[in-house]
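One file, final23.txt, carrying compact mmCIF, C-alpha atoms:
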```txt
# COMPACT_ATOMS: atom_id res chain seq x y z
CA MET A 298 -83.99 4.76 20.63
CA ASN A 299 -84.84 7.19 17.87
CA SER A 300 -83.46 6.94 14.36
CA LEU A 301 -80.75 9.59 14.91
CA GLY A 302 -79.51 7.92 18.06
CA MET A 303 -79.37 4.58 16.29
CA LYS A 304 -77.27 6.07 13.49
CA ILE A 305 -74.88 7.64 15.97
CA ALA A 306 -74.48 4.35 17.87
CA VAL A 307 -73.82 2.44 14.68
CA ALA A 308 -71.27 5.03 13.57
CA LEU A 309 -69.45 4.86 16.90
CA LEU A 310 -69.45 1.06 16.87
CA SER A 311 -68.11 1.02 13.31
CA ALA A 312 -65.35 3.48 14.22
CA ALA A 313 -64.43 1.36 17.24
CA MET A 314 -64.24 -1.79 15.13
CA ILE A 315 -62.08 -0.06 12.52
CA ALA A 316 -59.78 1.27 15.25
CA TYR A 317 -59.51 -2.22 16.77
CA VAL A 318 -58.65 -3.79 13.41
CA CYS A 319 -56.04 -1.09 12.73
CA TYR A 320 -54.53 -1.60 16.18
CA GLN A 321 -54.28 -5.36 15.64
CA ALA A 322 -52.59 -4.83 12.29
CA TYR A 323 -50.28 -2.25 13.84
CA THR A 324 -49.23 -4.56 16.67
CA ALA A 325 -48.78 -7.44 14.24
CA PHE A 326 -46.54 -5.62 11.78
CA TYR A 327 -44.98 -2.74 13.71
CA GLU A 328 -41.33 -3.13 14.57
CA PRO A 329 -40.22 -0.57 17.17
CA TYR A 330 -36.59 -0.92 16.11
CA GLU A 331 -34.58 -1.23 12.91
CA THR A 332 -31.92 -3.90 13.18
CA GLN A 333 -29.12 -5.47 11.20
CA THR A 334 -27.05 -8.58 11.80
CA ALA A 335 -23.57 -8.13 13.24
CA ALA A 336 -20.92 -9.69 11.02
CA ILE A 337 -17.16 -10.10 11.07
CA GLY A 338 -15.53 -8.58 8.01
CA GLU A 339 -12.63 -6.54 6.69
CA TYR A 340 -12.99 -2.78 6.73
CA ILE A 341 -10.77 -0.84 4.34
CA GLN A 342 -11.01 2.93 4.24
CA LYS A 343 -9.22 4.36 1.23
CA VAL A 344 -9.02 7.59 -0.72
CA GLU A 345 -8.22 7.83 -4.43
CA LEU A 346 -5.37 10.29 -4.97
CA ASN A 347 -4.14 12.27 -7.94
CA GLY A 348 -0.71 13.79 -7.52
CA PHE A 349 2.95 14.10 -8.35
CA PHE A 350 6.40 13.46 -6.88
CA LEU A 351 8.80 16.13 -5.66
CA ARG A 352 12.51 15.27 -5.48
CA ASP A 353 15.82 17.09 -5.16
CA GLU A 354 17.40 16.14 -8.49
CA ILE A 355 20.29 17.12 -10.74
CA VAL A 356 20.29 16.17 -14.42
CA LEU A 357 23.38 14.60 -15.92
CA SER A 358 24.16 16.89 -18.86
CA ALA A 359 25.43 14.20 -21.23
CA LYS A 360 22.99 13.11 -23.93
CA ARG A 361 21.81 9.55 -24.33
CA THR A 362 23.23 7.43 -27.15
CA ASP A 363 22.27 4.01 -28.46
CA VAL A 364 25.29 2.29 -26.93
CA VAL A 365 25.37 3.35 -23.28
CA ASN A 366 26.26 0.87 -20.58
CA TYR A 367 24.95 1.97 -17.18
CA ASN A 368 27.13 1.06 -14.25
CA TYR A 369 24.35 1.72 -11.73
CA GLU A 370 20.74 0.62 -11.51
CA ASN A 371 17.83 2.94 -10.72
CA ALA A 372 17.82 3.99 -7.05
CA GLN A 373 21.37 2.66 -6.52
CA LYS A 374 23.65 4.92 -4.48
CA VAL A 375 26.34 6.65 -6.55
CA PRO A 376 29.42 8.14 -4.87
CA ARG A 377 30.93 11.43 -5.99
CA SER A 378 33.20 11.25 -9.06
CA ALA A 379 31.96 7.76 -9.97
CA VAL A 380 31.59 6.62 -13.56
CA VAL A 381 27.82 6.46 -13.93
CA ALA A 382 27.80 5.21 -17.51
CA SER A 383 30.20 4.31 -20.29
CA ILE A 384 29.73 4.86 -24.03
CA TYR A 385 30.75 2.15 -26.48
CA GLN A 386 31.13 1.96 -30.21
CA ASN A 387 28.33 -0.46 -31.03
CA GLU A 388 25.70 -2.81 -29.62
CA SER A 389 27.96 -5.85 -29.90
CA ASP A 390 30.25 -4.22 -27.34
CA LEU A 391 27.36 -4.03 -24.88
CA HIS A 392 26.41 -7.64 -25.57
CA HIS A 393 30.03 -8.61 -24.89
CA LEU A 394 30.03 -6.81 -21.54
CA ARG A 395 26.68 -8.19 -20.44
CA ARG A 396 27.70 -11.73 -21.35
CA LEU A 397 30.88 -11.33 -19.31
CA GLU A 398 28.94 -9.99 -16.30
CA LEU A 399 26.44 -12.87 -16.47
CA LEU A 400 29.19 -15.50 -16.59
CA ARG A 401 30.94 -13.97 -13.59
CA ARG A 402 27.69 -14.05 -11.59
CA HIS A 403 27.05 -17.67 -12.51
CA ARG A 404 30.60 -18.59 -11.53
CA ASP A 405 30.16 -16.94 -8.12
CA ILE A 406 26.86 -18.78 -7.58
CA LEU A 407 28.32 -22.20 -8.37
CA GLU A 408 31.37 -21.59 -6.18
CA GLU A 409 29.12 -20.64 -3.26
CA ALA A 410 26.76 -23.55 -3.93
CA GLN A 411 29.51 -26.15 -3.55
CA ASP A 412 31.11 -24.47 -0.54
CA ARG A 413 30.81 -27.23 2.06
CA GLU A 414 31.09 -24.82 4.98
CA SER A 415 27.99 -22.93 3.85
CA ILE A 416 26.03 -26.21 3.53
CA ASP A 417 27.04 -27.85 6.80
CA GLY A 418 24.31 -27.50 9.39
CA MET A 419 21.58 -26.70 6.85
CA LYS A 420 18.33 -28.66 6.93
CA LEU A 421 16.84 -30.27 3.85
CA ASP A 422 13.27 -29.17 4.65
CA LEU A 423 14.47 -25.57 5.00
CA LEU A 424 16.14 -25.73 1.58
CA ASN A 425 12.93 -27.15 0.11
CA LYS A 426 10.89 -24.29 1.58
CA GLN A 427 13.34 -21.70 0.24
CA ILE A 428 13.21 -23.21 -3.25
CA SER A 429 9.39 -23.28 -3.21
CA ALA A 430 9.23 -19.66 -2.02
CA SER A 431 11.61 -18.51 -4.77
CA LYS A 432 9.56 -20.34 -7.43
CA LEU A 433 6.36 -18.67 -6.23
CA GLU A 434 8.11 -15.30 -6.21
CA LEU A 435 9.18 -15.79 -9.83
CA VAL A 436 5.60 -16.59 -10.85
CA ARG A 437 4.26 -13.55 -8.97
CA TYR A 438 6.79 -11.20 -10.57
CA VAL A 439 5.83 -12.47 -14.03
CA ASP A 440 2.09 -12.10 -13.28
CA GLU A 441 2.62 -8.55 -11.97
CA GLY A 442 4.90 -7.53 -14.81
CA ARG A 443 7.84 -6.93 -12.48
CA LEU A 444 10.31 -8.30 -15.02
CA ASP A 445 13.16 -6.09 -13.83
CA GLU A 446 13.11 -7.97 -10.50
CA LEU A 447 13.35 -11.43 -12.03
CA ALA A 448 17.14 -11.59 -12.25
CA ASP A 449 17.81 -11.45 -8.50
CA THR A 450 15.21 -14.12 -7.77
CA GLU A 451 16.49 -16.34 -10.60
CA GLU A 452 20.02 -16.18 -9.22
CA ARG A 453 18.82 -16.91 -5.67
CA LEU A 454 16.86 -19.91 -6.96
CA MET A 455 19.92 -21.12 -8.87
CA LEU A 456 21.99 -20.93 -5.68
CA GLU A 457 19.36 -22.75 -3.62
CA ILE A 458 19.00 -25.56 -6.18
CA GLY A 459 22.77 -25.79 -6.41
CA LYS A 460 23.10 -26.22 -2.65
CA PHE A 461 20.24 -28.72 -2.60
CA SER A 462 21.97 -30.88 -5.21
CA ILE A 463 25.25 -30.89 -3.26
CA PHE A 464 23.36 -31.61 -0.03
CA VAL A 465 21.64 -34.74 -1.36
CA ASP A 466 24.73 -35.93 -3.28
CA PRO A 467 27.95 -35.02 -1.43
CA ALA A 468 30.00 -36.57 -4.26
CA LEU A 469 28.64 -34.06 -6.75
CA SER A 470 31.02 -31.32 -7.98
CA TYR A 471 30.63 -28.32 -10.23
CA GLY A 472 34.33 -28.36 -11.08
CA ASP A 473 33.92 -29.18 -14.78
CA THR A 474 31.22 -26.53 -15.23
CA LEU A 475 33.36 -23.94 -13.42
CA SER A 476 36.34 -24.76 -15.64
CA LEU A 477 34.21 -24.21 -18.73
CA ILE A 478 32.84 -20.90 -17.39
CA ASN A 479 36.32 -19.67 -16.42
CA GLY A 480 37.55 -20.43 -19.93
CA GLN A 481 34.72 -18.39 -21.44
CA ILE A 482 35.41 -15.52 -19.04
CA ALA A 483 39.10 -15.50 -19.94
CA SER A 484 38.24 -15.43 -23.65
CA LEU A 485 35.87 -12.51 -23.22
CA GLU A 486 38.29 -10.59 -21.01
CA ALA A 487 40.99 -10.94 -23.68
CA THR A 488 38.78 -9.12 -26.17
CA LEU A 489 37.22 -6.63 -23.76
CA PRO A 490 35.90 -3.60 -25.68
CA VAL A 491 37.27 -0.18 -24.81
CA ALA A 492 34.82 2.55 -23.81
CA GLN A 493 34.71 5.55 -26.15
CA GLY A 494 33.74 7.85 -23.30
CA SER A 495 32.22 7.98 -19.83
CA ILE A 496 29.85 10.08 -17.70
CA THR A 497 31.01 10.92 -14.20
CA SER A 498 28.93 12.09 -11.26
CA GLU A 499 29.81 15.51 -9.88
CA GLU A 500 27.90 14.81 -6.67
CA ALA A 501 26.85 11.79 -4.67
CA GLY A 502 23.25 10.67 -5.03
CA TYR A 503 20.82 8.01 -6.19
CA PHE A 504 20.79 7.22 -9.89
CA ALA A 505 17.76 7.28 -12.21
CA ASN A 506 17.93 6.74 -15.96
CA VAL A 507 14.77 8.73 -16.84
CA VAL A 508 14.68 12.52 -17.26
CA ASP A 509 11.16 13.94 -17.69
CA GLY A 510 11.74 17.70 -17.75
CA TYR A 511 10.28 18.39 -14.29
CA GLU A 512 13.56 18.01 -12.39
CA ALA A 513 13.98 21.79 -11.95
CA VAL A 514 10.23 22.46 -11.47
CA LEU A 515 8.82 19.84 -9.10
CA VAL A 516 11.31 20.37 -6.30
CA PRO A 517 10.91 20.22 -2.49
CA GLU A 518 11.13 24.02 -2.27
CA LEU A 519 7.68 24.09 -3.88
CA LEU A 520 6.22 23.02 -0.52
CA GLU A 521 6.99 26.42 1.00
CA ASP A 522 4.29 28.23 -1.04
CA LEU A 523 2.00 25.37 -1.98
CA THR A 524 -1.65 26.24 -2.71
CA VAL A 525 -4.67 24.25 -3.83
CA GLU A 526 -4.91 26.30 -7.04
CA GLY A 527 -1.21 25.74 -7.76
CA VAL A 528 -1.56 21.96 -7.43
CA GLU A 529 -4.68 21.99 -9.62
CA GLU A 530 -2.76 23.88 -12.29
CA ILE A 531 0.13 21.37 -12.31
CA LEU A 532 -2.27 18.43 -12.55
CA ARG A 533 -4.49 20.03 -15.19
CA ASP A 534 -2.20 19.27 -18.12
CA PRO A 535 0.95 17.36 -17.14
CA GLN A 536 3.37 17.22 -20.08
CA VAL A 537 5.40 14.13 -19.23
CA ARG A 538 8.16 13.46 -21.73
CA GLN A 539 11.35 11.46 -21.63
CA LEU A 540 14.33 13.62 -22.57
CA ASP A 541 17.47 12.21 -24.14
CA ASN A 542 19.78 12.90 -21.20
CA ILE A 543 21.81 10.01 -19.82
CA GLY A 544 19.96 10.28 -16.51
CA LYS A 545 19.91 12.15 -13.23
CA LEU A 546 20.99 11.94 -9.61
CA GLU A 547 18.64 12.39 -6.67
CA ARG A 548 20.61 14.06 -3.92
CA ASP A 549 18.95 12.06 -1.15
CA ASN A 550 16.47 9.24 -0.86
CA ARG A 551 13.60 11.36 0.51
CA TRP A 552 10.70 12.06 -1.82
CA TYR A 553 7.39 13.89 -1.44
CA PHE A 554 4.07 13.03 -3.01
CA VAL A 555 1.66 15.96 -3.37
CA ALA A 556 -1.95 14.87 -3.90
CA LEU A 557 -5.21 16.61 -4.67
CA ILE A 558 -8.24 15.46 -2.65
CA THR A 559 -11.68 16.85 -1.88
CA ALA A 560 -12.18 19.14 1.10
CA ARG A 561 -14.40 16.49 2.68
CA GLU A 562 -11.74 13.81 2.24
CA ALA A 563 -9.28 16.10 4.02
CA GLU A 564 -11.16 15.37 7.25
CA LEU A 565 -10.04 11.74 7.00
CA PHE A 566 -6.40 12.75 7.40
CA THR A 567 -6.97 14.66 10.65
CA LEU A 568 -8.59 14.07 14.02
CA PRO A 569 -10.47 12.16 15.42
CA TYR A 570 -8.21 9.37 14.18
CA GLU A 571 -5.81 9.31 17.12
CA ASN A 572 -3.48 11.96 15.65
CA ARG A 573 -2.78 9.91 12.55
CA GLN A 574 0.81 10.43 11.41
CA THR A 575 1.27 7.74 8.76
CA VAL A 576 -0.81 6.00 6.10
CA GLN A 577 -0.22 3.43 3.37
CA LEU A 578 0.04 4.46 -0.27
CA LYS A 579 -0.69 1.78 -2.86
CA PHE A 580 0.79 2.52 -6.27
CA ASN A 581 -0.33 0.81 -9.47
CA SER A 582 2.99 1.07 -11.22
CA GLU A 583 5.03 -1.59 -12.97
CA SER A 584 5.56 -3.18 -9.58
CA VAL A 585 2.30 -2.85 -7.67
CA ARG A 586 3.32 -2.11 -4.12
CA GLN A 587 2.27 -0.52 -0.85
CA VAL A 588 4.51 1.78 1.15
CA THR A 589 4.21 3.53 4.53
CA VAL A 590 4.41 7.31 4.23
CA SER A 591 4.30 10.21 6.67
CA ILE A 592 1.78 13.02 6.40
CA GLU A 593 3.78 16.24 6.02
CA GLN A 594 1.13 18.85 5.20
CA LEU A 595 -2.61 19.23 4.86
CA ILE A 596 -3.77 22.34 3.01
CA VAL A 597 -7.46 23.24 3.32
CA GLU A 598 -8.53 26.65 2.02
CA ARG A 599 -11.84 28.42 2.63
CA ASP A 600 -14.44 28.14 -0.13
CA GLN A 601 -12.34 25.59 -2.03
CA GLU A 602 -13.89 22.28 -3.10
CA ASN A 603 -10.48 20.62 -3.12
CA ALA A 604 -7.64 20.32 -0.66
CA VAL A 605 -4.02 19.14 -0.77
CA VAL A 606 -2.23 16.51 1.28
CA VAL A 607 1.55 16.01 1.18
CA PHE A 608 3.24 12.72 2.04
CA SER A 609 6.92 11.88 2.40
CA SER A 610 9.02 8.73 2.52
CA THR A 611 12.60 7.50 2.20
CA ALA A 612 11.55 4.17 0.65
CA LEU A 613 13.43 4.53 -2.62
CA ASP A 614 13.56 1.79 -5.25
CA GLY A 615 13.74 1.52 -9.02
CA ASP A 616 10.10 2.59 -9.42
CA PHE A 617 10.02 5.48 -6.98
CA ALA A 618 13.20 6.86 -8.53
CA VAL A 619 11.49 7.47 -11.88
CA MET A 620 7.76 7.91 -11.15
CA ARG A 621 6.31 11.42 -11.48
CA PHE A 622 2.52 11.73 -11.98
CA GLU A 623 0.61 8.93 -10.27
CA LYS A 624 -2.88 8.05 -9.00
CA PRO A 625 -2.34 5.82 -5.96
CA GLN A 626 -4.73 4.91 -3.18
CA ALA A 627 -4.26 6.10 0.38
CA ILE A 628 -5.13 3.22 2.69
CA LEU A 629 -6.27 4.89 5.91
CA ALA A 630 -7.62 1.85 7.70
CA ASP A 631 -7.49 -1.90 7.19
CA TYR A 632 -8.99 -3.86 10.07
CA THR A 633 -10.80 -7.15 10.53
CA GLY A 634 -13.48 -7.41 13.20
CA ILE A 635 -17.20 -6.91 13.82
CA ILE A 636 -18.15 -3.87 11.76
CA LEU A 637 -20.68 -1.67 13.57
CA PRO A 638 -22.36 1.27 11.80
CA LYS A 639 -21.70 4.49 13.69
CA GLU A 640 -25.41 5.30 14.00
CA ALA A 641 -25.85 2.16 16.11
CA VAL A 642 -23.09 3.00 18.60
CA ARG A 643 -24.21 4.24 22.01
CA VAL A 644 -22.50 5.08 25.29
CA SER A 645 -23.82 3.46 28.46
CA LYS A 646 -22.78 2.78 32.03
CA VAL A 647 -21.63 -0.78 32.66
CA THR A 648 -19.95 -2.69 35.46
CA ASP A 649 -16.40 -3.90 34.82
CA VAL A 650 -14.82 -7.14 36.10
CA GLU A 651 -13.80 -5.42 39.32
CA GLY A 652 -17.34 -4.27 40.04
CA ASN A 653 -16.73 -0.62 39.14
CA ASP A 654 -19.26 1.44 37.21
CA ILE A 655 -17.68 2.73 34.01
CA THR A 656 -18.81 4.32 30.76
CA ALA A 657 -18.34 2.18 27.67
CA LYS A 658 -19.17 2.26 23.98
CA GLY A 659 -21.37 -0.44 22.54
CA VAL A 660 -24.66 -1.20 20.86
CA TYR A 661 -28.13 -2.28 21.86
CA VAL A 662 -29.08 -5.70 20.54
CA GLN A 663 -32.48 -7.30 20.25
CA ILE A 664 -32.79 -10.79 21.75
CA GLY A 665 -36.33 -12.00 21.15
CA ASP A 666 -38.56 -9.38 22.77
CA ALA A 667 -35.75 -8.16 25.03
CA VAL A 668 -33.24 -5.37 24.46
CA ARG A 669 -29.74 -5.62 25.89
CA PHE A 670 -26.68 -3.34 25.81
CA LYS A 671 -23.47 -5.05 24.71
CA ARG A 672 -20.03 -3.49 24.90
CA ALA A 673 -17.68 -3.05 21.95
CA ASP A 674 -14.05 -4.15 22.21
CA VAL A 675 -12.86 -1.21 20.11
CA ILE A 676 -9.89 -1.67 17.78
CA TYR A 677 -10.74 1.15 15.34
CA GLU A 678 -13.25 3.96 15.03
CA ASP A 679 -13.93 6.77 12.59
CA ASN A 680 -16.91 8.89 11.55
CA TYR A 681 -18.51 5.98 9.72
CA VAL A 682 -17.88 2.75 11.60
CA LEU A 683 -16.60 1.22 14.80
CA ILE A 684 -14.66 -2.04 14.56
CA SER A 685 -15.05 -4.36 17.56
CA ARG A 686 -12.65 -7.21 18.25
CA PRO A 687 -14.48 -10.56 18.54
CA ASN A 688 -14.69 -11.32 22.25
CA ALA A 689 -15.89 -14.56 23.89
CA ASN A 690 -17.29 -12.62 26.86
CA ASP A 691 -21.10 -12.56 26.56
CA SER A 692 -21.21 -8.92 27.63
CA TYR A 693 -19.51 -7.93 24.34
CA ILE A 694 -21.04 -7.73 20.89
CA ALA A 695 -20.85 -11.07 19.08
CA ASN A 696 -21.11 -12.28 15.51
CA TYR A 697 -24.75 -12.60 14.34
CA ASP A 698 -26.18 -10.38 17.11
CA GLN A 699 -29.17 -8.31 15.97
CA ILE A 700 -27.88 -4.74 16.30
CA ILE A 701 -30.47 -2.01 16.79
CA THR A 702 -29.56 0.73 14.32
CA LYS A 703 -32.60 2.94 14.85
CA GLY A 704 -35.01 3.28 17.75
CA LYS A 705 -36.23 5.79 20.33
CA ASP A 706 -35.59 5.74 24.07
CA LEU A 707 -33.22 2.76 23.90
CA HIS A 708 -32.70 1.00 27.20
CA GLU A 709 -32.41 -2.56 28.43
CA THR A 710 -35.69 -4.44 28.75
CA ALA A 711 -36.66 -7.89 29.93
CA GLY A 712 -38.13 -10.34 27.44
```

Can you dump the structure from the file as structure tokens?
Amino acid sequence: MNSLGMKIAVALLSAAMIAYVCYQAYTAFYEPYETQTAAIGEYIQKVELNGFFLRDEIVLSAKRTDVVNYNYENAQKVPRSAVVASIYQNESDLHHLRRLELLRRHRDILEEAQDRESIDGMKLDLLNKQISASKLELVRYVDEGRLDELADTEERLMLEIGKFSIFVDPALSYGDTLSLINGQIASLEATLPVAQGSITSEEAGYFANVVDGYEAVLVPELLEDLTVEGVEEILRDPQVRQLDNIGKLERDNRWYFVALITAREAELFTLPYENRQTVQLKFNSESVRQVTVSIEQLIVERDQENAVVVFSSTALDGDFAVMRFEKPQAILADYTGIILPKEAVRVSKVTDVEGNDITAKGVYVQIGDAVRFKRADVIYEDNYVLISRPNANDSYIANYDQIITKGKDLHETAG
């Protein structure tokens, strides 16, 4: 073999050896699929909102003074021609009235607590559970700053403890305590202060003691011509202020919450989510709470980065009666199950329990060197994930399965 031929042979042999080494490295390290481990978890889909309340309100014209005694609490129903508030001469008059009201409530609680008919048939373990639940509720209200809700729970706890004491000691009586309370009530009633004036409701409605200046502006009629630009303008510089009016009446208990969202987020409030009609709104107000609301409108305008969604509800309480500009969360989904990324979900033909060929959603999983299709027991699905209910049937996706999230020409193979 001449020198040129030898060089060519050596070059070819070297190339072959390099190719062989590369192939071995490729087969050793190449993974044909990308996988992730299936895991049970909680999936919460939420959207941060920025918006305001619309209500049908009328302002009580009387001005606030330092010695006003309200006869109704926020969100309490007020009949027509009712005395909403009374004006007194000084603070001591209000203290007098509040002391009298407190004594009357305590008297009623003690009388009910020692009512034998209400105790007969009760179980001691049930009373214990009720007392424990009320104690925990008190602690939670304090932690959450819901101090305006403490009074009702305190009185319920007082009644439960009172019944418990009578239950375990039938000879016990609150007679002496009631006599003392009745004497104090009689003394206070004899010196009852006289109101210097009163404020009467011209219409029936739900009372609120805060007037912020938007009562004639942010009204339900605004929904008729609502635009994205209009909502942006209202939210750009909200001038919330508490005026010195006595309060206002909300003609009915329905309120609307108008929120600004992005145009992309607007897709979350429409199909393909099974014609979603309601969502949960979570407000971070004085009493952190979650409420079910209906979707009334969705405004998406061409070439606009933002959109508008309008919710409504009749869940009226002391907070909702006075809130105006808020930034709640819309909870669109809250499910627990096996969370599958949408890019891993495939559709394949399977055989059901009756032997029929059907089309089902699921994922391909890698078991050793084999690939197998496993069905999803769907409880929720959106553009991002599919939530599968844990299922003991081996043909369904299971916790810790290796889900194939990326791979070409996926099909079942034998290991």

If we count all atoms listed in the file and set the cut-off at 10 Å, which residues sit around segment 521-524 of chain A, ignoring sequence neighbours fewer than 6 positions away in its own chain? Please answer as a compact mmCIF listing (two decimals) with C-alpha atoms, in the coordinates of the input.
```txt
# COMPACT_ATOMS: atom_id res chain seq x y z
CA GLU A 530 -2.76 23.88 -12.29
CA VAL A 555 1.66 15.96 -3.37
CA GLN A 594 1.13 18.85 5.20
CA ILE A 596 -3.77 22.34 3.01
CA VAL A 597 -7.46 23.24 3.32
CA GLU A 598 -8.53 26.65 2.02
CA ALA A 604 -7.64 20.32 -0.66
CA VAL A 605 -4.02 19.14 -0.77
CA VAL A 607 1.55 16.01 1.18
```

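Residue nearest Thr633 of chain A within the list A:Ala468, A:Ile684, A:Val516, A:Leu578: A:Ile684 [criterion: smallest interatomic distance, only C-alpha atoms].
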
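Atom to atom, atom CA of Arg361 of chain A and atom CA of Asn542 of chain A stand 5.0 Å apart.
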
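Atom CA of Pro625 of chain A sits 26.0 Å away from atom CA of Ile676 of chain A.
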
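The residue that comes closest to Lys624 of chain A, out of A:Ala335, A:Ile531, A:Val344, A:Val682 and on the basis of only C-alpha atoms, is A:Val344.
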
| message | Please list as a ChimeraX atom specification every residue within 8 Å of segment 419-427 of chain A, counting all atoms listed in the file and excluding residues in the same chain fewer than 6 positions away. | response | /A:457,461,464

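Reported to one decimal place, the separation of atom CA of Leu520 of chain A from atom CA of Ser610 of chain A is 14.9 Å.
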
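For Ile496 of chain A, the list of residues within 8 Å, based on only C-alpha atoms and with local chain neighbours fewer than 4 positions off taken out, reads Ala359, Val380, Val381, Ala382 and Ser383 of chain A.
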
Only C-alpha atoms, please: the residues just picked out, written as a short mmCIF file (atom, residue, chain, number, x, y, z; two decimals), keeping the file's coordinate frame.
```
data_model
loop_
_atom_site.label_atom_id
_atom_site.label_comp_id
_atom_site.auth_asym_id
_atom_site.auth_seq_id
_atom_site.Cartn_x
_atom_site.Cartn_y
_atom_site.Cartn_z
CA ALA A 359 25.43 14.20 -21.23
CA VAL A 380 31.59 6.62 -13.56
CA VAL A 381 27.82 6.46 -13.93
CA ALA A 382 27.80 5.21 -17.51
CA SER A 383 30.20 4.31 -20.29
#
```

| query | Near Asn506 of chain A, counting all atoms listed in the file, which residues have an atom at most 7 Å away, once you skip same-chain residues fewer than 4 positions from it, shown as a PyMOL selection string? | reply | chain A and resi 371+543-545

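For the set A:His393, A:Thr567, A:Arg561, A:Leu519, the residue with the smallest atom-to-atom gap to Glu602 of chain A is A:Arg561, counting all atoms listed in the file.
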
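When all atoms listed in the file are used to compute distances to Leu456 of chain A, the closest of the residues A:Asn690, A:Gln411, A:Thr497, A:Asn581 turns out to be A:Gln411.
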
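Closest approach to Thr702 of chain A among A:Lys639, A:Tyr677, A:Thr611, A:Asp666: A:Lys639, based on all atoms listed in the file.
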
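In this comparison, which uses all atoms listed in the file, the residue of A:Ala563, A:Glu409, A:Arg401, A:Glu499 approaching Ala483 of chain A most closely is A:Arg401.
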
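Residue neighbourhood of Val662 of chain A, excluding near-sequence residues (fewer than 2 positions): Val668, Arg669, Gln699, Ile700 and Ile701 of chain A, at 6 Å, using only C-alpha atoms.
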
| said: Within 12 Å of (36.3, -22.9, -15.8) (file coordinates; only C-alpha atoms), which protein or nucleic acid residues are there? I'd like them as a PyMOL selection string. | reply: chain A and resi 400-401+403-405+407-408+471-484

Kindly export the residues of the current selection with C-alpha atoms, as a JSON list (two decimals), keeping the file's coordinate frame.
```
[["chain", "number", "residue", "atom", "x", "y", "z"],
["A", 400, "LEU", "CA", 29.19, -15.50, -16.59],
["A", 401, "ARG", "CA", 30.94, -13.97, -13.59],
["A", 403, "HIS", "CA", 27.05, -17.67, -12.51],
["A", 404, "ARG", "CA", 30.60, -18.59, -11.53],
["A", 405, "ASP", "CA", 30.16, -16.94, -8.12],
["A", 407, "LEU", "CA", 28.32, -22.20, -8.37],
["A", 408, "GLU", "CA", 31.37, -21.59, -6.18],
["A", 471, "TYR", "CA", 30.63, -28.32, -10.23],
["A", 472, "GLY", "CA", 34.33, -28.36, -11.08],
["A", 473, "ASP", "CA", 33.92, -29.18, -14.78],
["A", 474, "THR", "CA", 31.22, -26.53, -15.23],
["A", 475, "LEU", "CA", 33.36, -23.94, -13.42],
["A", 476, "SER", "CA", 36.34, -24.76, -15.64],
["A", 477, "LEU", "CA", 34.21, -24.21, -18.73],
["A", 478, "ILE", "CA", 32.84, -20.90, -17.39],
["A", 479, "ASN", "CA", 36.32, -19.67, -16.42],
["A", 480, "GLY", "CA", 37.55, -20.43, -19.93],
["A", 481, "GLN", "CA", 34.72, -18.39, -21.44],
["A", 482, "ILE", "CA", 35.41, -15.52, -19.04],
["A", 483, "ALA", "CA", 39.10, -15.50, -19.94],
["A", 484, "SER", "CA", 38.24, -15.43, -23.65]]
```
